[in-house]
Amino acid sequence: MARPEKSAAIAELEELFRSSNAVLLTEYRGLSVEQLKTLRRSLTGIATYSVVKNTLARIAAKNAGVEGLSEDLVGPTAIAFVSGEAVDAAKALRDFAKENEALVIKNGVMDGAALTVEDVKKLADLESREVLLAKAAGVLKAPIAKAAQVFNAPALKTVRTIDALREKQEKAA
């Protein structure tokens, strides 16, 4: 690769590192072109999956201030630059790796923190953002509903008392 081409590739990778929510490294040795296409399709809208030259990726990561990847930038490496939810990308990679043992998840970085293989697997086991937000809303709604019942109880008690008094008057009359 000529020097200008390398500089352009480094600049492109650097921009991907900077604009990504998370970065997940994989080894793709033994996967066919068709399998890689399938993997890329499963990551559409979530991440950009690129086969990279390790030296250029190391330089770009260093320039972008991303640390914790250099050790695993060896061998045939492809990087998932996550633009969507990191959980969804981790799930897509985990599910593909279950079906295709040749795909090996190496490590990653999310919000400046290095992720081990175990961290990526834990991330993949999380529920989606929408489900977690719905659960949080449910948890927050419960105390509010209880408070509304407590505040409404005196009025409800008064209404019941009035209804009981009316019934007594109707029976007496």
# chains A, B, ... in the order shown; residues from 1 in each chain; ligands from 1
$ residues_around --residues "A:Glu127" --least-positions-apart "3" --cutoff "12 Å" --atoms "only C-alpha atoms" --output "PDB file with N, CA, C and O atoms, in the first residue's frame"
ATOM      1  N   GLU A  85     -26.709   0.525  19.134  1.00  0.00           N
ATOM      2  CA  GLU A  85     -26.613   0.013  20.499  1.00  0.00           C
ATOM      3  C   GLU A  85     -25.536  -1.064  20.585  1.00  0.00           C
ATOM      4  O   GLU A  85     -25.555  -2.028  19.819  1.00  0.00           O
ATOM      5  N   ALA A  86     -24.629  -0.915  21.529  1.00  0.00           N
ATOM      6  CA  ALA A  86     -23.546  -1.881  21.706  1.00  0.00           C
ATOM      7  C   ALA A  86     -24.096  -3.255  22.074  1.00  0.00           C
ATOM      8  O   ALA A  86     -23.550  -4.278  21.675  1.00  0.00           O
ATOM      9  N   VAL A  87     -25.202  -3.283  22.815  1.00  0.00           N
ATOM     10  CA  VAL A  87     -25.823  -4.554  23.210  1.00  0.00           C
ATOM     11  C   VAL A  87     -26.259  -5.323  21.972  1.00  0.00           C
ATOM     12  O   VAL A  87     -26.022  -6.531  21.855  1.00  0.00           O
ATOM     13  N   ASP A  88     -26.888  -4.623  21.032  1.00  0.00           N
ATOM     14  CA  ASP A  88     -27.371  -5.275  19.811  1.00  0.00           C
ATOM     15  C   ASP A  88     -26.215  -5.819  18.970  1.00  0.00           C
ATOM     16  O   ASP A  88     -26.300  -6.921  18.418  1.00  0.00           O
ATOM     17  N   ALA A  90     -23.198  -6.678  20.106  1.00  0.00           N
ATOM     18  CA  ALA A  90     -22.610  -7.807  20.836  1.00  0.00           C
ATOM     19  C   ALA A  90     -23.476  -9.057  20.664  1.00  0.00           C
ATOM     20  O   ALA A  90     -22.955 -10.160  20.489  1.00  0.00           O
ATOM     21  N   LYS A  91     -24.810  -8.884  20.703  1.00  0.00           N
ATOM     22  CA  LYS A  91     -25.712 -10.026  20.493  1.00  0.00           C
ATOM     23  C   LYS A  91     -25.560 -10.597  19.087  1.00  0.00           C
ATOM     24  O   LYS A  91     -25.521 -11.815  18.908  1.00  0.00           O
ATOM     25  N   LYS A 122     -21.221 -10.682  28.465  1.00  0.00           N
ATOM     26  CA  LYS A 122     -22.189 -10.131  29.421  1.00  0.00           C
ATOM     27  C   LYS A 122     -23.014  -9.026  28.763  1.00  0.00           C
ATOM     28  O   LYS A 122     -24.216  -8.926  29.005  1.00  0.00           O
ATOM     29  N   LEU A 123     -22.363  -8.211  27.955  1.00  0.00           N
ATOM     30  CA  LEU A 123     -23.052  -7.158  27.228  1.00  0.00           C
ATOM     31  C   LEU A 123     -24.101  -7.758  26.296  1.00  0.00           C
ATOM     32  O   LEU A 123     -25.226  -7.262  26.198  1.00  0.00           O
ATOM     33  N   ALA A 124     -23.745  -8.865  25.648  1.00  0.00           N
ATOM     34  CA  ALA A 124     -24.674  -9.540  24.738  1.00  0.00           C
ATOM     35  C   ALA A 124     -25.858 -10.147  25.485  1.00  0.00           C
ATOM     36  O   ALA A 124     -26.939 -10.282  24.920  1.00  0.00           O
ATOM     37  N   GLU A 130     -34.685  -0.767  24.850  1.00  0.00           N
ATOM     38  CA  GLU A 130     -36.116  -0.513  24.981  1.00  0.00           C
ATOM     39  C   GLU A 130     -36.716  -1.316  26.129  1.00  0.00           C
ATOM     40  O   GLU A 130     -37.531  -0.807  26.905  1.00  0.00           O
ATOM     41  N   VAL A 131     -36.318  -2.577  26.260  1.00  0.00           N
ATOM     42  CA  VAL A 131     -36.836  -3.429  27.334  1.00  0.00           C
ATOM     43  C   VAL A 131     -36.369  -2.900  28.689  1.00  0.00           C
ATOM     44  O   VAL A 131     -37.148  -2.821  29.645  1.00  0.00           O
ATOM     45  N   LEU A 132     -35.098  -2.521  28.781  1.00  0.00           N
ATOM     46  CA  LEU A 132     -34.579  -1.993  30.040  1.00  0.00           C
ATOM     47  C   LEU A 132     -35.273  -0.683  30.417  1.00  0.00           C
ATOM     48  O   LEU A 132     -35.597  -0.462  31.588  1.00  0.00           O
ATOM     49  N   LEU A 133     -35.535   0.173  29.433  1.00  0.00           N
ATOM     50  CA  LEU A 133     -36.248   1.420  29.720  1.00  0.00           C
ATOM     51  C   LEU A 133     -37.681   1.152  30.167  1.00  0.00           C
ATOM     52  O   LEU A 133     -38.186   1.814  31.076  1.00  0.00           O
ATOM     53  N   ALA A 134     -38.330   0.176  29.550  1.00  0.00           N
ATOM     54  CA  ALA A 134     -39.699  -0.171  29.946  1.00  0.00           C
ATOM     55  C   ALA A 134     -39.725  -0.709  31.374  1.00  0.00           C
ATOM     56  O   ALA A 134     -40.618  -0.360  32.166  1.00  0.00           O
ATOM     57  N   LYS A 135     -38.749  -1.536  31.721  1.00  0.00           N
ATOM     58  CA  LYS A 135     -38.679  -2.060  33.088  1.00  0.00           C
ATOM     59  C   LYS A 135     -38.427  -0.935  34.084  1.00  0.00           C
ATOM     60  O   LYS A 135     -39.023  -0.901  35.154  1.00  0.00           O
TER      61      LYS A 135
END
$ select_by_dssp --residues "chain A" --states "helix (DSSP H, G or I)" --output "PyMOL selection string"
chain A and resi 3-19+33-42+54-64+70-72+86-99+117-125+129-172
$ select_by_dssp --residues "stretch 4-78 of chain A" --states "strand (DSSP E)" --output "list in words"
Ala22, Val23, Leu24, Leu25, Thr26, Glu27, Ala47, Thr48, Tyr49, Ser50, Val51, Val52, Thr77 and Ala78 of chain A
$ write_last_selection --atoms "all heavy atoms" --output "compact mmCIF listing (two decimals), in the first residue's frame"
# COMPACT_ATOMS: atom_id res chain seq x y z
N ALA A 22 -18.95 2.00 20.48
CA ALA A 22 -18.13 0.89 20.98
C ALA A 22 -17.37 0.30 19.80
O ALA A 22 -17.74 0.50 18.64
CB ALA A 22 -19.01 -0.18 21.63
N VAL A 23 -16.32 -0.44 20.12
CA VAL A 23 -15.50 -1.11 19.11
C VAL A 23 -15.30 -2.55 19.58
O VAL A 23 -14.89 -2.76 20.72
CB VAL A 23 -14.13 -0.40 18.95
CG1 VAL A 23 -13.26 -1.15 17.98
CG2 VAL A 23 -14.32 1.04 18.50
N LEU A 24 -15.63 -3.52 18.73
CA LEU A 24 -15.50 -4.93 19.10
C LEU A 24 -14.58 -5.62 18.09
O LEU A 24 -14.82 -5.56 16.89
CB LEU A 24 -16.87 -5.60 19.12
CG LEU A 24 -17.90 -4.95 20.05
CD1 LEU A 24 -19.27 -5.58 19.85
CD2 LEU A 24 -17.47 -5.07 21.49
N LEU A 25 -13.52 -6.25 18.59
CA LEU A 25 -12.55 -6.95 17.74
C LEU A 25 -12.92 -8.42 17.59
O LEU A 25 -13.32 -9.05 18.56
CB LEU A 25 -11.15 -6.87 18.36
CG LEU A 25 -10.23 -5.76 17.89
CD1 LEU A 25 -10.83 -4.42 18.15
CD2 LEU A 25 -8.88 -5.90 18.55
N THR A 26 -12.76 -8.92 16.38
CA THR A 26 -13.01 -10.34 16.12
C THR A 26 -11.91 -10.90 15.24
O THR A 26 -11.22 -10.16 14.54
CB THR A 26 -14.36 -10.56 15.39
OG1 THR A 26 -14.30 -9.92 14.11
CG2 THR A 26 -15.52 -10.02 16.19
N GLU A 27 -11.77 -12.21 15.29
CA GLU A 27 -10.89 -12.92 14.37
C GLU A 27 -11.80 -13.70 13.45
O GLU A 27 -12.69 -14.43 13.89
CB GLU A 27 -9.97 -13.86 15.13
CG GLU A 27 -9.01 -14.59 14.22
CD GLU A 27 -8.06 -15.49 14.99
OE1 GLU A 27 -7.54 -15.05 16.03
OE2 GLU A 27 -7.86 -16.63 14.53
N ALA A 47 -23.71 -1.56 13.26
CA ALA A 47 -22.25 -1.42 13.24
C ALA A 47 -21.71 -1.56 11.83
O ALA A 47 -22.35 -2.15 10.96
CB ALA A 47 -21.62 -2.48 14.14
N THR A 48 -20.52 -1.02 11.65
CA THR A 48 -19.77 -1.21 10.41
C THR A 48 -18.71 -2.26 10.70
O THR A 48 -17.93 -2.10 11.63
CB THR A 48 -19.09 0.11 10.00
OG1 THR A 48 -20.08 1.11 9.84
CG2 THR A 48 -18.32 -0.05 8.70
N TYR A 49 -18.73 -3.34 9.93
CA TYR A 49 -17.80 -4.44 10.17
C TYR A 49 -16.73 -4.41 9.09
O TYR A 49 -17.02 -4.57 7.91
CB TYR A 49 -18.56 -5.78 10.14
CG TYR A 49 -17.77 -6.95 10.61
CD1 TYR A 49 -17.45 -7.11 11.95
CD2 TYR A 49 -17.34 -7.93 9.72
CE1 TYR A 49 -16.73 -8.20 12.40
CE2 TYR A 49 -16.63 -9.03 10.15
CZ TYR A 49 -16.33 -9.16 11.49
OH TYR A 49 -15.61 -10.26 11.94
N SER A 50 -15.48 -4.15 9.51
CA SER A 50 -14.40 -3.96 8.55
C SER A 50 -13.22 -4.85 8.86
O SER A 50 -12.78 -4.95 10.01
CB SER A 50 -13.91 -2.51 8.58
OG SER A 50 -14.96 -1.63 8.30
N VAL A 51 -12.69 -5.47 7.82
CA VAL A 51 -11.42 -6.20 7.93
C VAL A 51 -10.34 -5.13 7.85
O VAL A 51 -10.38 -4.27 6.98
CB VAL A 51 -11.28 -7.23 6.80
CG1 VAL A 51 -9.89 -7.84 6.81
CG2 VAL A 51 -12.36 -8.29 6.90
N VAL A 52 -9.40 -5.17 8.80
CA VAL A 52 -8.40 -4.11 8.88
C VAL A 52 -6.99 -4.66 8.91
O VAL A 52 -6.77 -5.81 9.27
CB VAL A 52 -8.61 -3.25 10.16
CG1 VAL A 52 -9.94 -2.55 10.12
CG2 VAL A 52 -8.46 -4.09 11.41
N THR A 77 -7.82 -9.84 11.60
CA THR A 77 -8.70 -9.10 12.49
C THR A 77 -9.74 -8.30 11.71
O THR A 77 -9.44 -7.68 10.70
CB THR A 77 -7.87 -8.11 13.35
OG1 THR A 77 -6.87 -8.85 14.05
CG2 THR A 77 -8.73 -7.38 14.35
N ALA A 78 -10.96 -8.34 12.23
CA ALA A 78 -12.03 -7.50 11.71
C ALA A 78 -12.62 -6.77 12.91
O ALA A 78 -12.70 -7.31 14.01
CB ALA A 78 -13.09 -8.33 11.01
$ residues_around --residues "stretch 60-74 of chain A" --least-positions-apart "3" --cutoff "9 Å" --atoms "only C-alpha atoms" --output "PyMOL selection string"
chain A and resi 9-15+17-18+25-27+53-57+77+106-109+112-115
$ atom_distance --atom1 "atom CA of A:Ile105" --atom2 "atom CA of A:Glu5"
28.4 Å
$ atom_distance --atom1 "atom CA of A:Ser42" --atom2 "atom CA of A:Ala89"
8.7 Å
$ atom_distance --atom1 "atom CA of A:Leu93" --atom2 "atom CA of A:Ser32"
15.8 Å
$ closest_residue --among "A:Val104, A:Leu31, A:Met110, A:Ile46" --to "A:Ser83" --atoms "only C-alpha atoms"
A:Ile46
